[in-house]
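Here the structure comes first, spelled out in C-alpha cells, and everything after it is commentary.
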Amino acid sequence: MTPLGRRRAVEPRNDGSFSIVLDRGERALLASLPDELRQLLATDDPALARLFPPAYPNDPELDTEFRALTRPDLVSSKTDALAIMEATIGAKRVSEDELIAWLAVLNDLRLVLGTRLEVTEDLYENGLADDDPRLPALGLYFFLGALEEEVVEALASGLPEVGTTA
C-alpha cells in the first residue's frame, strides 16, 4: 500500500515526465494552499521559523545581517515554486522541474503546518486523543507528508542506481 493508502499519486513515465493522479478534492485542497503560503512569506510569522532557520543563532546582529542579504532570494525561489505548482495543479502530467517545484512547496507547507501544530516525535509515539482539536489540520499535515514521500520516490526512481553507470 502507498503512503496515501491507495494507488500512487505520482508515477514516473518513460518519457521523463511524471503522472499526477489526484482526485478532484485533493487537487482543490492543494490548489487552496499556495496563496496562503505566499501571503505568509510576506510576514515575519513565527510559523516560518523552519523555512528560515537562524544562520548565526548565537549572534543576533550577524544573523539579522545574514537574513537581510539572503531572505529576498529565498522568498523569491519559494514564490517561483508556488507559481509553478499553481500553474500545474490541474495537470495530469508534469515535467521533472515542475515536480521538483511541487516537492519544494509540499515541504514548505508541511514545515509551516507542523510548526503551527507543534508536531513533535511525541505525536508519532503517543498518538492523539479522539477529541484533539488539531485532528483536521493534522490530517492535512499527514496528507502533505505522504504526497511529499511519493514525489521523492518518483523523482528517485529516475536516478541511476549507485554503482552503475548511466
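So you can find residues: chains in the C-alpha cells are A, B, ... in the order shown, residues in each start at 1, and ligands are numbered from 1 in order.
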
Per residue of range 107-126 of chain A within 10 Å of range 131-148 of chain A, record the nearest atom pair and its distance in Å to one decimal, counting only C-alpha atoms, with rows in chain order and ascending residue number, as a Markdown table.
| residue | atom | partner | partner_atom | distance |
| --- | --- | --- | --- | --- |
| A:Asn107 | CA | A:Glu148 | CA | 6.8 |
| A:Asp108 | CA | A:Leu144 | CA | 9.9 |
| A:Leu109 | CA | A:Leu144 | CA | 7.7 |
| A:Arg110 | CA | A:Tyr141 | CA | 5.9 |
| A:Leu111 | CA | A:Tyr141 | CA | 8.8 |
| A:Val112 | CA | A:Tyr141 | CA | 9.5 |
| A:Leu113 | CA | A:Tyr141 | CA | 6.5 |
| A:Gly114 | CA | A:Tyr141 | CA | 6.8 |
| A:Arg116 | CA | A:Ala137 | CA | 9.7 |
| A:Leu117 | CA | A:Arg134 | CA | 7.1 |
| A:Glu118 | CA | A:Arg134 | CA | 9.9 |
| A:Val119 | CA | A:Leu138 | CA | 8.8 |

Could you pull out the alpha helix (DSSP H) residues of chain A from DSSP and send them as number ranges by chain?
A: 24-41, 60-88, 96-116, 121-126, 135-157

Could you work out how far CA of Leu51 in chain A lies from CA of Pro72 in chain A, giving the answer in Å with one decimal?
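A separation of 12.8 Å between them.
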
For Glu150 in chain A, which of A:Arg93, A:Leu99, A:Asn58, A:Ala68 is the closest residue, counting only C-alpha atoms?
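Between A:Arg93, A:Leu99, A:Asn58, A:Ala68, the residue approaching Glu150 in chain A most closely is A:Leu99.
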
Separation of CA of Glu11 in chain A from CA of Tyr124 in chain A, in Å and rounded to one decimal
27.6 Å

Tell me which protein, DNA and RNA residues are within 12 Å of Gln39 in chain A, counting only C-alpha atoms, leaving out same-chain ones fewer than 5 positions away, and put them as a list in words.
Leu33, Pro34, Asp44, Asp45, Leu48, Val75, Lys78, Thr79 and Leu82 of chain A

Convert the current residue selection to file output with N, CA and C atoms, as a compact mmCIF listing (two decimals), in the first residue's frame.
# COMPACT_ATOMS: atom_id res chain seq x y z
N LEU A 33 -3.79 26.02 -1.11
CA LEU A 33 -2.70 26.27 -0.17
C LEU A 33 -1.61 27.23 -0.64
N PRO A 34 -1.21 27.24 -1.91
CA PRO A 34 -0.10 28.12 -2.30
C PRO A 34 -0.31 29.60 -2.00
N ASP A 44 6.55 38.12 9.06
CA ASP A 44 7.56 37.56 9.98
C ASP A 44 6.90 36.57 10.93
N ASP A 45 5.91 35.86 10.45
CA ASP A 45 5.17 34.89 11.26
C ASP A 45 6.12 33.84 11.83
N LEU A 48 7.11 30.44 10.19
CA LEU A 48 8.10 30.34 9.12
C LEU A 48 9.49 29.96 9.65
N VAL A 75 12.86 33.84 -0.55
CA VAL A 75 11.43 34.05 -0.75
C VAL A 75 11.11 34.01 -2.24
N LYS A 78 11.00 30.47 -3.42
CA LYS A 78 9.81 29.81 -2.89
C LYS A 78 8.56 30.27 -3.64
N THR A 79 8.46 31.55 -3.96
CA THR A 79 7.29 32.03 -4.70
C THR A 79 7.32 31.54 -6.15
N LEU A 82 5.91 28.13 -5.91
CA LEU A 82 4.45 28.24 -5.71
C LEU A 82 3.74 28.50 -7.03

Looking only at strand (DSSP E) from DSSP on the backbone, list the matching residues of range 1-164 of chain A as a list of chain:residue names.
A:Val10, A:Glu11, A:Pro12, A:Phe18, A:Ser19, A:Ile20, A:Arg93, A:Val94

With a distance cut-off of 12 Å and only C-alpha atoms, select the neighbouring residues of Arg24 in chain A, excluding the residue or stretch itself and same-chain residues fewer than 4 positions from it, and output the selection as a PyMOL selection string.
chain A and resi 20+28-31+89-92

I need the residues from that last selection saved to file as a PDB file, in the first residue's frame (with C-alpha atoms), if you can.
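Result file follows (selection_32.pdb):
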ATOM      1  CA  ILE A  20      -0.144  13.031 -11.257  1.00  0.00           C
ATOM      2  CA  ALA A  28      -8.831  21.528  -4.841  1.00  0.00           C
ATOM      3  CA  LEU A  29      -7.218  21.238  -1.426  1.00  0.00           C
ATOM      4  CA  LEU A  30      -3.716  21.575  -2.883  1.00  0.00           C
ATOM      5  CA  ALA A  31      -4.843  24.497  -5.053  1.00  0.00           C
ATOM      6  CA  ILE A  89      -2.145  21.775 -10.146  1.00  0.00           C
ATOM      7  CA  GLY A  90      -4.705  20.539 -12.670  1.00  0.00           C
ATOM      8  CA  ALA A  91      -2.190  18.762 -14.896  1.00  0.00           C
ATOM      9  CA  LYS A  92      -2.260  15.017 -15.329  1.00  0.00           C
TER      10      LYS A  92
END

Name the closest residue to Ala87 in chain A among the candidates A:Tyr56, A:Trp102, A:Phe66, A:Phe18; distances are taken between atoms, counting only C-alpha atoms.
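Of A:Tyr56, A:Trp102, A:Phe66, A:Phe18, the one nearest Ala87 in chain A is A:Trp102, counting only C-alpha atoms.
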
Residue nearest Arg27 in chain A - candidates A:Ser157, A:Ser76, A:Thr64, A:Thr88, atoms counted: only C-alpha atoms
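Of A:Ser157, A:Ser76, A:Thr64, A:Thr88, the one nearest Arg27 in chain A, counting only C-alpha atoms, is A:Thr88.
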